[in-house]
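*Asks:* For reference, this is protein.cif, and it has mmCIF, C-alpha atoms.
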```
data_data
#
loop_
_atom_site.label_atom_id
_atom_site.label_comp_id
_atom_site.auth_asym_id
_atom_site.auth_seq_id
_atom_site.Cartn_x
_atom_site.Cartn_y
_atom_site.Cartn_z
CA MET A 1 -7.09 -17.82 -11.13
CA SER A 2 -6.31 -16.23 -14.45
CA VAL A 3 -6.08 -12.58 -15.42
CA THR A 4 -7.01 -11.40 -18.88
CA VAL A 5 -4.55 -8.80 -20.09
CA GLN A 6 -4.99 -6.54 -23.08
CA ARG A 7 -1.43 -6.86 -24.33
CA PRO A 8 -0.89 -3.46 -26.04
CA TYR A 9 -1.86 -1.53 -22.89
CA PHE A 10 0.00 -3.89 -20.56
CA ILE A 11 3.16 -3.90 -22.69
CA THR A 12 3.09 -0.10 -23.00
CA ALA A 13 2.70 0.24 -19.25
CA LEU A 14 5.54 -2.20 -18.62
CA LEU A 15 7.82 -0.31 -21.02
CA VAL A 16 7.07 3.04 -19.40
CA LEU A 17 7.61 1.66 -15.92
CA ALA A 18 10.77 -0.15 -17.06
CA LEU A 19 12.17 3.13 -18.38
CA VAL A 20 11.57 4.72 -14.99
CA ALA A 21 13.28 1.75 -13.34
CA CYS A 22 16.25 1.97 -15.73
CA ARG A 23 16.67 5.64 -14.96
CA GLU A 24 16.71 4.79 -11.25
CA SER A 25 19.21 1.94 -11.67
CA ARG A 26 21.83 4.21 -13.30
CA ASP A 27 22.83 5.28 -9.82
CA SER A 28 24.88 2.31 -8.59
CA SER A 29 24.35 3.32 -4.96
CA LYS A 30 20.65 2.49 -5.25
CA PRO A 31 19.44 -1.06 -4.64
CA LYS A 32 18.43 -3.26 -7.57
CA ILE A 33 14.84 -2.90 -8.76
CA GLU A 34 12.53 -5.78 -7.81
CA THR A 35 9.46 -6.65 -9.83
CA ARG A 36 6.55 -8.50 -8.27
CA VAL A 37 3.38 -9.59 -10.00
CA SER A 38 0.34 -11.27 -8.51
CA ALA A 39 -3.38 -11.50 -9.12
CA THR A 40 -5.99 -11.79 -6.36
CA ALA A 41 -9.44 -10.47 -5.70
CA VAL A 42 -9.68 -7.41 -3.50
CA SER A 43 -12.79 -6.45 -1.63
CA SER A 44 -13.76 -2.83 -1.48
CA SER A 45 -13.93 -2.90 2.31
CA LYS A 46 -13.27 0.33 4.13
CA THR A 47 -9.64 1.16 4.71
CA ASP A 48 -8.34 4.26 6.41
CA ILE A 49 -6.83 5.80 3.30
CA ARG A 50 -4.95 8.37 5.32
CA ALA A 51 -3.07 5.59 7.13
CA ALA A 52 -2.52 3.61 3.93
CA THR A 53 -1.05 6.51 1.98
CA ALA A 54 0.38 8.98 4.47
CA GLY A 55 4.12 9.34 4.69
CA PRO A 56 5.95 9.60 8.00
CA ALA A 57 6.00 12.94 9.80
CA ASN A 58 9.60 13.45 8.65
CA THR A 59 9.29 13.34 4.85
CA ALA A 60 13.07 13.18 4.47
CA ALA A 61 12.87 9.69 5.96
CA ALA A 62 9.97 8.64 3.73
CA PRO A 63 10.62 5.40 1.86
CA SER A 64 10.90 5.96 -1.88
CA ARG A 65 10.09 2.39 -2.88
CA ILE A 66 6.51 1.25 -3.24
CA THR A 67 5.49 -2.24 -2.15
CA GLU A 68 2.72 -4.46 -3.48
CA THR A 69 0.99 -4.22 -0.09
CA ASP A 70 1.12 -0.40 -0.32
CA VAL A 71 -0.65 -0.55 -3.69
CA ARG A 72 -3.29 -3.08 -2.60
CA ASP A 73 -4.14 -0.99 0.48
CA PHE A 74 -4.19 2.16 -1.64
CA VAL A 75 -6.62 0.71 -4.22
CA ALA A 76 -8.93 -0.59 -1.46
CA GLY A 77 -8.91 2.88 0.11
CA TRP A 78 -9.50 4.54 -3.28
CA ALA A 79 -12.65 2.44 -3.74
CA ALA A 80 -13.78 3.07 -0.14
CA GLU A 81 -13.47 6.86 -0.49
CA GLN A 82 -15.74 6.72 -3.53
CA ASN A 83 -18.28 4.43 -1.87
CA ASP A 84 -18.32 6.72 1.18
CA ARG A 85 -18.60 9.71 -1.22
CA ASN A 86 -15.73 11.45 0.56
CA PHE A 87 -14.65 13.77 -2.25
CA SER A 88 -12.07 15.66 -0.19
CA ASN A 89 -10.08 12.49 0.62
CA TYR A 90 -10.58 11.15 -2.92
CA ASN A 91 -9.15 14.38 -4.36
CA GLU A 92 -5.99 13.93 -2.25
CA LEU A 93 -5.28 10.57 -3.92
CA TYR A 94 -4.34 12.17 -7.26
CA ALA A 95 -0.96 13.54 -8.33
CA GLU A 96 -0.50 17.15 -9.37
CA ARG A 97 0.30 16.13 -12.98
CA PHE A 98 -2.56 13.67 -13.36
CA THR A 99 -4.16 12.62 -16.66
CA GLY A 100 -7.21 10.39 -17.04
CA VAL A 101 -9.31 8.61 -19.63
CA LYS A 102 -12.96 7.89 -18.91
CA ARG A 103 -14.81 5.51 -21.18
CA VAL A 104 -18.56 5.05 -21.32
CA GLY A 105 -19.47 2.47 -23.90
CA GLN A 106 -17.60 3.43 -27.08
CA ARG A 107 -16.97 7.06 -26.07
CA ALA A 108 -13.65 8.15 -24.55
CA HIS A 109 -13.06 11.40 -22.70
CA HIS A 110 -9.55 12.68 -21.85
CA TYR A 111 -8.97 14.85 -18.79
CA ASP A 112 -6.31 16.81 -16.99
CA ARG A 113 -6.46 16.86 -13.19
CA ALA A 114 -8.77 19.89 -12.85
CA SER A 115 -11.32 18.64 -15.38
CA TRP A 116 -11.18 15.08 -13.91
CA MET A 117 -12.03 16.41 -10.46
CA GLU A 118 -14.82 18.58 -11.88
CA ASP A 119 -16.32 15.50 -13.58
CA ARG A 120 -15.89 13.35 -10.46
CA GLN A 121 -17.45 15.91 -8.16
CA ARG A 122 -20.67 15.61 -10.19
CA MET A 123 -20.49 11.82 -9.86
CA PHE A 124 -19.98 12.07 -6.09
CA ALA A 125 -23.30 13.94 -5.84
CA SER A 126 -25.10 10.67 -6.67
CA LYS A 127 -26.38 9.02 -3.50
CA SER A 128 -26.31 5.57 -5.08
CA MET A 129 -22.76 5.57 -6.54
CA ARG A 130 -20.96 2.24 -5.99
CA VAL A 131 -17.45 1.13 -7.06
CA GLU A 132 -16.25 -2.47 -6.83
CA VAL A 133 -12.74 -3.74 -7.51
CA GLY A 134 -12.00 -7.35 -8.50
CA ASP A 135 -9.09 -9.41 -9.84
CA LEU A 136 -6.46 -6.86 -8.83
CA SER A 137 -2.97 -7.37 -10.25
CA VAL A 138 -0.02 -5.23 -9.25
CA VAL A 139 3.31 -4.62 -10.95
CA VAL A 140 5.85 -2.69 -8.86
CA PHE A 141 8.89 -0.92 -10.29
CA GLY A 142 10.66 0.65 -7.33
CA ARG A 143 9.14 4.13 -7.13
CA SER A 144 6.16 3.49 -9.38
CA ALA A 145 3.49 0.83 -9.75
CA LEU A 146 0.75 -0.28 -12.10
CA ALA A 147 -2.54 -1.60 -10.70
CA ARG A 148 -4.97 -3.34 -13.06
CA PHE A 149 -8.36 -4.63 -12.06
CA GLU A 150 -11.93 -5.26 -13.12
CA GLN A 151 -14.07 -2.30 -12.06
CA ARG A 152 -17.83 -2.45 -11.60
CA TRP A 153 -19.43 0.98 -11.34
CA SER A 154 -23.06 1.81 -10.76
CA SER A 155 -25.19 4.84 -10.03
CA GLY A 156 -28.97 4.67 -10.17
CA ALA A 157 -30.02 2.76 -13.27
CA PHE A 158 -26.57 3.06 -14.96
CA ARG A 159 -24.04 0.26 -14.60
CA ASP A 160 -20.82 -0.57 -16.39
CA ARG A 161 -17.83 -2.79 -15.90
CA GLY A 162 -14.45 -3.23 -17.49
CA PRO A 163 -10.71 -3.30 -17.01
CA LYS A 164 -9.16 -0.28 -15.34
CA ARG A 165 -5.56 0.75 -14.73
CA LEU A 166 -4.07 3.09 -12.18
CA ASP A 167 -0.47 4.29 -12.55
CA ILE A 168 0.75 5.08 -9.05
CA VAL A 169 3.76 7.07 -7.82
CA ARG A 170 4.94 8.42 -4.51
CA GLU A 171 4.51 12.18 -4.37
CA LYS A 172 5.23 14.30 -1.29
CA GLY A 173 5.62 11.16 0.82
CA ALA A 174 2.27 9.59 -0.13
CA LEU A 175 0.98 7.37 -2.91
CA ARG A 176 -0.82 9.24 -5.68
CA ILE A 177 -2.48 8.30 -8.97
CA VAL A 178 -0.64 9.92 -11.87
CA ARG A 179 -2.80 8.29 -14.58
CA GLU A 180 -6.15 6.51 -14.53
CA GLU A 181 -7.79 4.86 -17.48
CA MET A 182 -10.90 2.79 -17.98
CA LEU A 183 -9.59 0.52 -20.74
CA ALA A 184 -13.04 -0.64 -21.87
CA SER A 185 -16.59 0.08 -20.74
CA ASN A 186 -19.24 -2.58 -21.00
CA VAL A 187 -22.54 -0.87 -20.21
CA GLU A 188 -24.93 -3.32 -18.56
#
```
Kindly transcribe the structure held in the file into structure tokens.
*Replies:*
Amino acid sequence: MSVTVQRPYFITALLVLALVACRESRDSSKPKIETRVSATAVSSSKTDIRAATAGPANTAAAPSRITETDVRDFVAGWAAEQNDRNFSNYNELYAERFTGVKRVGQRAHHYDRASWMEDRQRMFASKSMRVEVGDLSVVVFGRSALARFEQRWSSGAFRDRGPKRLDIVREKGALRIVREEMLASNVE
């Protein structure tokens, strides 16, 4: 299985995540940063997103490191919340300082968290909205991760597909999306 990577975006993401990892590694009492990369298909089957992302009851004991399994479960749950049109749970998946880029064909729209949620709430009103995730690859850098995948999105007569990235961090004991970007939109 091969994964097509748009190098400028991937390299930029790796550099940003590496800087975060370097900042963490300055403290010699912290363990070394591990990096894991893999590419497999992920179905958008239902996952209890609360179980996949919730931190332990005692947030002081919450693990700070993110694992590849954490990210894979999180992305599956993210897709399931959209397919179930559960806006309340979907909203909880995003970090307080979120930024997003939505592309439709050649047009790009940039959002802060509030405007992203306003836009998404309109999308959730569609009874035929469907999100599919394929060819998921995950890069983990200790306390942050990058998920890249092929997204297929449809609602009514509109369909598009293209590469998407989610930058994921742990915030308040749970995984959250700090940045989301549709890297290219191929309207079908």
*Asks:* Which value, in Å to one decimal, gives the distance between atom CA of A:Glu96 and atom CA of A:Val169?
*Replies:*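 Spanning atom CA of A:Glu96 to atom CA of A:Val169 is a straight-line distance of 11.1 Å.
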*Asks:* Kindly indicate which residue among A:Asn91, A:Ser126, A:Arg65, A:Lys102 lies nearest to A:Ala114, using only C-alpha atoms for the distances.
*Replies:*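 Once distances to A:Ala114 are computed over only C-alpha atoms, the minimum belongs to A:Asn91.
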*Asks:* What separation in Å, quoted to one decimal, exists between atom CA of A:Thr99 and atom CA of A:Val75?
*Replies:*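 Going from atom CA of A:Thr99 over to atom CA of A:Val75, I get 17.4 Å.
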*Asks:* Using Å and a single decimal, report how far atom CA of A:Val133 sits from atom CA of A:Ala79.
*Replies:*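 Distance between the two atoms: 7.2 Å.
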*Asks:* Translate the PyMOL selection byres ((chain A and resi 143) around 6) into a concrete residue list for this structure, as a PDB file with C-alpha atoms, in the frame of the given file.
*Replies:*
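Full text of selection31.pdb as output:
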```pdb
ATOM      1  CA  SER A  64      10.900   5.960  -1.880  1.00  0.00           C
ATOM      2  CA  ARG A  65      10.090   2.390  -2.880  1.00  0.00           C
ATOM      3  CA  ILE A  66       6.510   1.250  -3.240  1.00  0.00           C
ATOM      4  CA  PHE A 141       8.890  -0.920 -10.290  1.00  0.00           C
ATOM      5  CA  GLY A 142      10.660   0.650  -7.330  1.00  0.00           C
ATOM      6  CA  SER A 144       6.160   3.490  -9.380  1.00  0.00           C
TER       7      SER A 144
END
```
*Asks:* Using only C-alpha atoms, pick whichever of A:Arg179, A:Arg152, A:Arg85, A:Arg72 has the shortest atom-to-atom distance to A:Arg120.
*Replies:*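 Result for the nearest residue to A:Arg120: A:Arg85.
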*Asks:* Report the residues retrieved by the PyMOL selection byres ((chain A and resi 187) around 7) from the displayed file, expressed as a ChimeraX atom specification.
*Replies:* /A:105,159-161,185-186,188
*Asks:* Let me make sure I understand: among A:Leu136, A:His109, A:Gln121, A:Ala95, which one has the smallest atom-to-atom distance to A:Asp73 if we use only C-alpha atoms?
*Replies:*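 That would be A:Leu136, the residue with the smallest distance to A:Asp73.
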